[in-house]
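Enquirer: I have a structure I would like to understand better, so I am pasting it below and will then ask my questions one at a time.
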Amino acid sequence: MVAHAEIRVVHRGGSKINFREPVITNDSRFLLCASGESVKVYSSSSEECVHDLQGHTDLVSGIVRNPSNHLQVYSCSADGTVRLWDFTDGILIKTFIIGYPIYSIYVSENHGGVVFVVVPMANDKSSELFQLVAVHLPRSEDQEVEARELSAVLCDVSPSGAASFGREGEYIAAAKGLQLEVFFFKKQKSYRFFLKPGNKKWAKNAFTCVSCHPKEDCIATGHEDGKIRLWRNFNQKKEYTYSTLHWHHGAVNTLQFTPEGTNLLSGGIESVLVQWCYTQETQMDFLPRLAGAITHIAVSPDGSLFCTSHSDNKITIIQSCVKVSAVIQGLVKSEGVRTDLMIDPRSKALVLNGKPGHLQFYSLHRDKLLYNLDIVQQEYIHEEGLHQFEVVRAAFDTRGDWLATVEERTQKGSELEINLKLWAYDEKTQSFVLNTTVTAPHEDQITAMCFSPSPETTMLVTISFDGYFKAWLLADNSDTTEGASWSCDFVGGYHLLKPGCCCFSADGSLLAVGFQEVVTVWSPSWELLTTLSQPPGAIRDLCFGRLSCSKYLLGTSTKNQLCCWNLLTCSLEWSTPVDVSLLQADPLSENMAAFCSQSGCSNLFVFKPSEPLPLYSQRALCTGKVQHAIFAPRDQMLESCEEHAQWLNRSQLYFLTQHMDLMTFSTKTEEDRLLASSKRLMVDDSVAVTPFYLLLGKHRQQQEALTNPMAERIQLPQGSIAIKELLYTPAHVLPSASFLCSMFVRSLLISSSPAREEKEPVEEEMESEEEDSEGEAELRDARQDLGGSAAWGPGEELGAPALTKAQERELRRVKHFDHSWLSSLLEC
């Protein structure tokens, strides 16, 4: 147990990688992007995450290259700090404490030792007015430095990063609303330019983005009506001019000039990267079909690589606007998650709605999208007002062999279309393959479904607003060519009431179905065992207890009641007045998590049904209601936690906020372990004991034994003579691998004679005594040959250091090695 372990709510996995503009390194080998509270370093060629730079305690809001060192980057965060990183080694170099929440960061080569950040005008995150300030970074050897020397540059700017440095850092331009402001550093003067609102609709001329030409005095601005304006002569307020480019039919989300200024890149909701020729404005090149809307564009310093961020949480790496070379896909944040959060029993991946008509399988531990599963299997048409099939429900069986999905489509003037699909896992393709499609499984919307955890049968239960629940049973027809098939085994209801939720017990022996204010409990033979009711309010959610609490059934109602029934006595055990928006059980423990709504915020209570007091509680977890959460099993169990944090030992709780942010809980013990693992430079002693590890022994302990000869020595497994000759003989005199193969294999064989093993220590002892006597005689002869006197000590002999007896024995053993294979090689 540790002395203190504070639990924090953090972004861990599945964070937005399109939140801010990414950064490409000078050599175009790496791409860096903000991802929650960390900075991800990706390889631009392999798409793999090379480093995860962790240290910020709030959202990372910007990344820029260090102009004075191409191997370093600055990152800023809402935690009020600017951090300097070595991204090649993943090391935090320095932390500058600003003291204000930071929302954007800019640098210029002509302003050394200064970074420009966007902070609120009032020291409050809820402030709606922001300013651009210059922060002078002090030089200090300390790792944490306070940078309190701030000077205001521009007031009332956009926090989202609509600013850009001009030619040689002489000025900076920022856009917000209908205003463009340019600040000249030498003059210490700013000019403001305004546009009139559109005639038809308000703010069609509003600025959306800005980019300055790197070589000339030209500012490019994007607007909501899809136009691009190129501003010139803006150093005089009355004589400014601008020209207009127009191709986008929607808002221009981002603009970026190439390093030499020969081309201008633009992107918007059309998912098309447009390349404008700066000298010939009518000449354009297009790279279409880049999936989601383009939100940011970044260009490498040498101009060889472009990258675009997209609204579907994806970054596309492009080679000079010609072809897509790599795609980095994050967790797709759709408008709404209708399938709930699920864990794939096979891959332990998080499964939820992804692209339209798809399910995405996302690895939480690797923070990487594994693959998308096309459920609807129809081409999605991006058109407003067009009703298309959506995936609304999904469920896995306990072994991960089957996946059930429900898709529906509603059209005006027509009936609701519903399809129930059952997918079988294919070992060859390592994915799910469609097995059965049931058209119109119910007459109304399917509100919930779940698989039975019983290992005896594979059964799916669906409930619907049509007043019935249905049990679908798998019939194994492996002797026929049709294979496995599904059929409806039972249809149940209760007094024409509409069911709203269902849940199986942990062993599959009971099924609970909520019919408005009544909870019905059914046996596997579809016998109604009992009914439970606790008016007022309809049952909203049901959940069975686990392990030692399996005798309890918990339910939430629409009248803000959390009830716990004892199934052995069929009576109400306890109830409490609380508005529970979501109830989730941990499959690996007795713990349950209840998300409650109060005053526009969500509170969390973790408890056991058998105990009156909660194990953990946290108020004001996030704004809005939490509608989706899941317990994910850990790869490695946490050992040292305080009592109030032990509910995180086996599983990790993830939840989605109303803003589609995936959050989780982290303890100080877990963060210290992650920090230690990132700093560890040597292999830990807990690595697997492989045959190669046994042959070589533990090199570190051998070094400690040599440096401390008085310490107790432990006899480690030594390699054979063949292995030592193979490892220590110079490579240029080694024979071919085929010649050494048989000798190497024989050295790995273990003798089958136990009697011989017992005699070996005795023989080794006799040999070592003989070697000692022979070695001492040889040493005396050598001293006499050198004309040495008997008064010489072992430490004075030719200035050589004294050897211990163990080292002398090791030298004598090396002398008796068999080098006959080397002589045979020389004779050849």
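Here's how to read the names in the structure tokens: chain A, B, ... by the order shown, residue numbers from 1 in each chain, ligand numbers from 1 in the order shown.
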Among segment 14-139 of chain A, which ones does DSSP assign to strand (DSSP E or B) (computed from the backbone)? Answer as a ChimeraX atom specification.

Expert: /A:23-24,30-35,38-43,49-54,60-65,72-77,81-86,91-97,104-106,114-120,130-136

Enquirer: Find the residues around segment 593-602 of chain A up to 12 Å (only C-alpha atoms counted), leave out those fewer than 4 positions away in its own chain, and share them as a PyMOL selection string.

Expert: chain A and resi 541-543+545+554-556+560-563+577-587+589+606-609+614-631+647-648+651-658

Enquirer: Could you list, as an MDAnalysis selection string, every residue within 10 Å of Ser347 of chain A, counting only C-alpha atoms and ignoring same-chain residues fewer than 2 positions away?

Expert: chainID A and resid 343:345 349:350 361:363 370 400

Enquirer: Save the residues we just selected, C-alpha atoms, as an mmCIF file, in the first residue's frame?

Expert:
data_model
loop_
_atom_site.group_PDB
_atom_site.id
_atom_site.type_symbol
_atom_site.label_atom_id
_atom_site.label_comp_id
_atom_site.auth_asym_id
_atom_site.auth_seq_id
_atom_site.Cartn_x
_atom_site.Cartn_y
_atom_site.Cartn_z
ATOM 1 C CA ILE A 343 -15.067 -4.765 -25.260
ATOM 2 C CA ASP A 344 -14.209 -7.434 -27.827
ATOM 3 C CA PRO A 345 -13.474 -10.599 -25.785
ATOM 4 C CA ALA A 349 -10.450 -3.726 -28.173
ATOM 5 C CA LEU A 350 -13.025 -1.026 -27.582
ATOM 6 C CA PHE A 361 -12.319 -1.839 -33.188
ATOM 7 C CA TYR A 362 -9.919 0.383 -31.234
ATOM 8 C CA SER A 363 -7.031 -0.862 -29.094
ATOM 9 C CA LEU A 370 -7.314 -1.987 -35.435
ATOM 10 C CA GLY A 400 -16.106 -13.486 -28.884
#

Enquirer: Need to verify the contact set: segment 76-80 of chain A, 7 Å, only C-alpha atoms, exclusion of same-chain residues closer than 3 positions in sequence. Can you return it as a JSON list (two decimals) with all heavy atoms, in the first residue's frame?

Expert:
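After the write, result15.json holds the following:
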[["chain", "number", "residue", "atom", "x", "y", "z"],
["A", 56, "HIS", "N", 2.12, 16.84, -19.36],
["A", 56, "HIS", "CA", 1.07, 17.82, -19.14],
["A", 56, "HIS", "C", -0.06, 17.20, -18.30],
["A", 56, "HIS", "O", -0.31, 16.00, -18.36],
["A", 56, "HIS", "CB", 0.51, 18.31, -20.47],
["A", 56, "HIS", "CG", 1.43, 19.24, -21.20],
["A", 56, "HIS", "ND1", 1.69, 20.53, -20.77],
["A", 56, "HIS", "CD2", 2.17, 19.07, -22.34],
["A", 56, "HIS", "CE1", 2.54, 21.11, -21.62],
["A", 56, "HIS", "NE2", 2.85, 20.25, -22.57],
["A", 57, "THR", "N", -0.72, 18.05, -17.53],
["A", 57, "THR", "CA", -1.83, 17.60, -16.70],
["A", 57, "THR", "C", -3.17, 18.09, -17.21],
["A", 57, "THR", "O", -4.18, 17.92, -16.52],
["A", 57, "THR", "CB", -1.62, 18.08, -15.25],
["A", 57, "THR", "OG1", -1.50, 19.52, -15.25],
["A", 57, "THR", "CG2", -0.36, 17.47, -14.66],
["A", 58, "ASP", "N", -3.20, 18.68, -18.38],
["A", 58, "ASP", "CA", -4.45, 19.10, -19.02],
["A", 58, "ASP", "C", -4.27, 18.99, -20.53],
["A", 58, "ASP", "O", -3.21, 18.59, -21.01],
["A", 58, "ASP", "CB", -4.80, 20.54, -18.61],
["A", 58, "ASP", "CG", -6.31, 20.78, -18.61],
["A", 58, "ASP", "OD1", -7.00, 20.10, -19.40],
["A", 58, "ASP", "OD2", -6.78, 21.64, -17.84],
["A", 59, "LEU", "N", -5.30, 19.35, -21.27],
["A", 59, "LEU", "CA", -5.27, 19.18, -22.72],
["A", 59, "LEU", "C", -4.10, 19.93, -23.35],
["A", 59, "LEU", "O", -3.86, 21.10, -23.04],
["A", 59, "LEU", "CB", -6.57, 19.68, -23.33],
["A", 59, "LEU", "CG", -7.78, 18.74, -23.29],
["A", 59, "LEU", "CD1", -9.00, 19.43, -23.86],
["A", 59, "LEU", "CD2", -7.49, 17.47, -24.07],
["A", 60, "VAL", "N", -3.37, 19.25, -24.23],
["A", 60, "VAL", "CA", -2.32, 19.90, -25.01],
["A", 60, "VAL", "C", -2.99, 20.69, -26.12],
["A", 60, "VAL", "O", -3.78, 20.15, -26.90],
["A", 60, "VAL", "CB", -1.34, 18.86, -25.59],
["A", 60, "VAL", "CG1", -0.30, 19.54, -26.46],
["A", 60, "VAL", "CG2", -0.67, 18.08, -24.47],
["A", 61, "SER", "N", -2.67, 21.99, -26.20],
["A", 61, "SER", "CA", -3.39, 22.88, -27.12],
["A", 61, "SER", "C", -2.53, 23.39, -28.26],
["A", 61, "SER", "O", -3.01, 24.20, -29.06],
["A", 61, "SER", "CB", -3.95, 24.07, -26.33],
["A", 61, "SER", "OG", -2.93, 24.70, -25.58],
["A", 62, "GLY", "N", -1.29, 22.94, -28.38],
["A", 62, "GLY", "CA", -0.47, 23.38, -29.50],
["A", 62, "GLY", "C", 0.93, 22.81, -29.45],
["A", 62, "GLY", "O", 1.46, 22.50, -28.38],
["A", 63, "ILE", "N", 1.53, 22.65, -30.65],
["A", 63, "ILE", "CA", 2.90, 22.15, -30.80],
["A", 63, "ILE", "C", 3.58, 22.97, -31.89],
["A", 63, "ILE", "O", 2.98, 23.23, -32.95],
["A", 63, "ILE", "CB", 2.93, 20.66, -31.19],
["A", 63, "ILE", "CG1", 2.06, 19.82, -30.26],
["A", 63, "ILE", "CG2", 4.35, 20.11, -31.17],
["A", 63, "ILE", "CD1", 1.88, 18.39, -30.74],
["A", 83, "ARG", "N", 6.25, 23.33, -22.46],
["A", 83, "ARG", "CA", 7.28, 22.31, -22.23],
["A", 83, "ARG", "C", 8.13, 22.13, -23.48],
["A", 83, "ARG", "O", 7.61, 22.14, -24.60],
["A", 83, "ARG", "CB", 6.64, 20.98, -21.80],
["A", 83, "ARG", "CG", 5.90, 21.10, -20.47],
["A", 83, "ARG", "CD", 5.19, 19.83, -20.09],
["A", 83, "ARG", "NE", 4.37, 20.04, -18.90],
["A", 83, "ARG", "CZ", 4.67, 19.63, -17.67],
["A", 83, "ARG", "NH1", 5.80, 18.98, -17.47],
["A", 83, "ARG", "NH2", 3.87, 19.86, -16.66],
["A", 97, "ILE", "N", 6.67, 27.57, -16.56],
["A", 97, "ILE", "CA", 5.39, 27.78, -15.90],
["A", 97, "ILE", "C", 4.91, 29.19, -16.22],
["A", 97, "ILE", "O", 5.52, 30.19, -15.81],
["A", 97, "ILE", "CB", 5.52, 27.57, -14.38],
["A", 97, "ILE", "CG1", 6.04, 26.16, -14.09],
["A", 97, "ILE", "CG2", 4.18, 27.81, -13.69],
["A", 97, "ILE", "CD1", 6.34, 25.91, -12.62],
["A", 98, "ILE", "N", 3.81, 29.28, -16.97],
["A", 98, "ILE", "CA", 3.26, 30.58, -17.38],
["A", 98, "ILE", "C", 2.24, 31.06, -16.34],
["A", 98, "ILE", "O", 2.19, 32.23, -16.01],
["A", 98, "ILE", "CB", 2.62, 30.49, -18.78],
["A", 98, "ILE", "CG1", 3.61, 29.83, -19.76],
["A", 98, "ILE", "CG2", 2.21, 31.86, -19.27],
["A", 98, "ILE", "CD1", 4.91, 30.55, -19.94],
["A", 99, "GLY", "N", 1.43, 30.16, -15.86],
["A", 99, "GLY", "CA", 0.44, 30.52, -14.85],
["A", 99, "GLY", "C", -0.93, 30.82, -15.38],
["A", 99, "GLY", "O", -1.86, 31.09, -14.60],
["A", 100, "TYR", "N", -1.12, 30.78, -16.71],
["A", 100, "TYR", "CA", -2.42, 31.03, -17.32],
["A", 100, "TYR", "C", -2.75, 29.87, -18.27],
["A", 100, "TYR", "O", -1.84, 29.31, -18.89],
["A", 100, "TYR", "CB", -2.43, 32.34, -18.12],
["A", 100, "TYR", "CG", -2.13, 33.57, -17.31],
["A", 100, "TYR", "CD1", -0.83, 34.03, -17.18],
["A", 100, "TYR", "CD2", -3.15, 34.28, -16.69],
["A", 100, "TYR", "CE1", -0.54, 35.16, -16.44],
["A", 100, "TYR", "CE2", -2.88, 35.43, -15.95],
["A", 100, "TYR", "CZ", -1.57, 35.86, -15.82],
["A", 100, "TYR", "OH", -1.30, 36.97, -15.08],
["A", 101, "PRO", "N", -4.01, 29.50, -18.42],
["A", 101, "PRO", "CA", -4.36, 28.48, -19.42],
["A", 101, "PRO", "C", -3.96, 28.94, -20.81],
["A", 101, "PRO", "O", -4.21, 30.08, -21.20],
["A", 101, "PRO", "CB", -5.88, 28.35, -19.29],
["A", 101, "PRO", "CG", -6.21, 28.89, -17.94],
["A", 101, "PRO", "CD", -5.19, 29.95, -17.65],
["A", 102, "ILE", "N", -3.31, 28.05, -21.56],
["A", 102, "ILE", "CA", -2.78, 28.40, -22.89],
["A", 102, "ILE", "C", -3.57, 27.62, -23.94],
["A", 102, "ILE", "O", -3.79, 26.41, -23.80],
["A", 102, "ILE", "CB", -1.28, 28.07, -22.98],
["A", 102, "ILE", "CG1", -0.52, 28.77, -21.85],
["A", 102, "ILE", "CG2", -0.73, 28.49, -24.33],
["A", 102, "ILE", "CD1", 0.94, 28.35, -21.77],
["A", 103, "TYR", "N", -3.97, 28.31, -25.01],
["A", 103, "TYR", "CA", -4.83, 27.70, -26.03],
["A", 103, "TYR", "C", -4.17, 27.61, -27.40],
["A", 103, "TYR", "O", -4.65, 26.87, -28.25],
["A", 103, "TYR", "CB", -6.14, 28.48, -26.14],
["A", 103, "TYR", "CG", -6.96, 28.41, -24.88],
["A", 103, "TYR", "CD1", -6.87, 29.40, -23.90],
["A", 103, "TYR", "CD2", -7.80, 27.33, -24.64],
["A", 103, "TYR", "CE1", -7.61, 29.32, -22.73],
["A", 103, "TYR", "CE2", -8.55, 27.25, -23.48],
["A", 103, "TYR", "CZ", -8.45, 28.24, -22.53],
["A", 103, "TYR", "OH", -9.17, 28.15, -21.37],
["A", 105, "ILE", "N", -0.01, 28.33, -29.55],
["A", 105, "ILE", "CA", 1.38, 28.75, -29.41],
["A", 105, "ILE", "C", 1.96, 28.99, -30.80],
["A", 105, "ILE", "O", 1.64, 28.28, -31.76],
["A", 105, "ILE", "CB", 2.20, 27.68, -28.65],
["A", 105, "ILE", "CG1", 3.63, 28.17, -28.39],
["A", 105, "ILE", "CG2", 2.19, 26.35, -29.37],
["A", 105, "ILE", "CD1", 4.42, 27.30, -27.45]]

Enquirer: Can you check which parts of segment 53-167 of chain A lie within 9 Å of segment 171-188 of chain A? Per residue, the shortest pair of atoms and distance in Å to one decimal, counting only C-alpha atoms, sorted by chain and number, as a Markdown table.

Expert:
| residue | atom | partner | partner_atom | distance |
| --- | --- | --- | --- | --- |
| A:Val153 | CA | A:Phe183 | CA | 7.5 |
| A:Leu154 | CA | A:Phe183 | CA | 7.4 |
| A:Asp156 | CA | A:Lys176 | CA | 8.0 |
| A:Val157 | CA | A:Lys176 | CA | 6.1 |
| A:Ser158 | CA | A:Lys176 | CA | 5.6 |
| A:Gly161 | CA | A:Ala174 | CA | 8.5 |
| A:Ala162 | CA | A:Ala174 | CA | 5.7 |
| A:Ala163 | CA | A:Ala174 | CA | 4.2 |
| A:Ser164 | CA | A:Ala173 | CA | 5.4 |
| A:Phe165 | CA | A:Ile172 | CA | 4.4 |
| A:Gly166 | CA | A:Tyr171 | CA | 5.2 |
| A:Arg167 | CA | A:Tyr171 | CA | 7.3 |

Enquirer: Show me a table, sorted first by chain and then by increasing residue number, of the residues of segment 325-375 of chain A having an atom at most 12 Å from segment 19-34 of chain A, each with its shortest atom pair and the distance in Å to one decimal, counting only C-alpha atoms and written as JSON lines.

Expert:
{"residue": "A:Ala326", "atom": "CA", "partner": "A:Leu31", "partner_atom": "CA", "distance": 11.1}
{"residue": "A:Val327", "atom": "CA", "partner": "A:Leu31", "partner_atom": "CA", "distance": 11.5}
{"residue": "A:Ile328", "atom": "CA", "partner": "A:Leu31", "partner_atom": "CA", "distance": 10.0}
{"residue": "A:Gly330", "atom": "CA", "partner": "A:Cys33", "partner_atom": "CA", "distance": 11.4}
{"residue": "A:Lys333", "atom": "CA", "partner": "A:Phe19", "partner_atom": "CA", "distance": 11.8}

Enquirer: Write out as a list in words which residues come within 12 Å of Asn649 of chain A when counting only C-alpha atoms, dropping same-chain ones fewer than 5 positions away.

Expert: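 The filter keeps Asp586, Leu588, Ser589, Asn591, Phe631, Ala632, Pro633, Arg634, Asp635, Gln636, Met637, Leu638, Glu639, Ser640, Cys641, Glu642, Glu643, His644, Phe665, Ser666, Thr667, Thr669 and Glu670 of chain A.
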
Enquirer: Hey, what's within 9 Å of segment 492-508 of chain A if we count only C-alpha atoms and toss same-chain stuff fewer than 4 positions away? As number ranges by chain, please?

Expert: A: 447-455, 461-471, 512-516, 520, 524, 526, 538-547, 550, 553, 587

Enquirer: Do you have the atom CA of Ser311 of chain A-atom CA of Lys16 of chain A distance handy?

Expert: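 The value is 9.6 Å.
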
Enquirer: So, with only C-alpha atoms as the atoms that count, which of A:Gln283, A:Ser44, A:Thr258, A:Ser610 lies closest to Leu245 of chain A?

Expert: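 For Leu245 of chain A, the nearest of the candidates is A:Gln283.
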
Enquirer: Go ahead and compute the interatomic distance for atom CA of Thr405 of chain A and atom CA of Ser334 of chain A, in Å to one decimal.

Expert: 17.7 Å

Enquirer: Figure out the distance between atom CA of Ile17 of chain A and atom CA of Ser266 of chain A, please, to one decimal in Å.

Expert: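 We find that atom CA of Ser266 of chain A and atom CA of Ile17 of chain A lie 19.5 Å from each other.
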
Enquirer: Just checking: using only C-alpha atoms, which residue out of A:Leu662, A:Cys155, A:Thr439, A:Glu260 ends up closest to Ala122 of chain A?

Expert: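 Nearest candidate to Ala122 of chain A out of A:Leu662, A:Cys155, A:Thr439, A:Glu260: A:Cys155.
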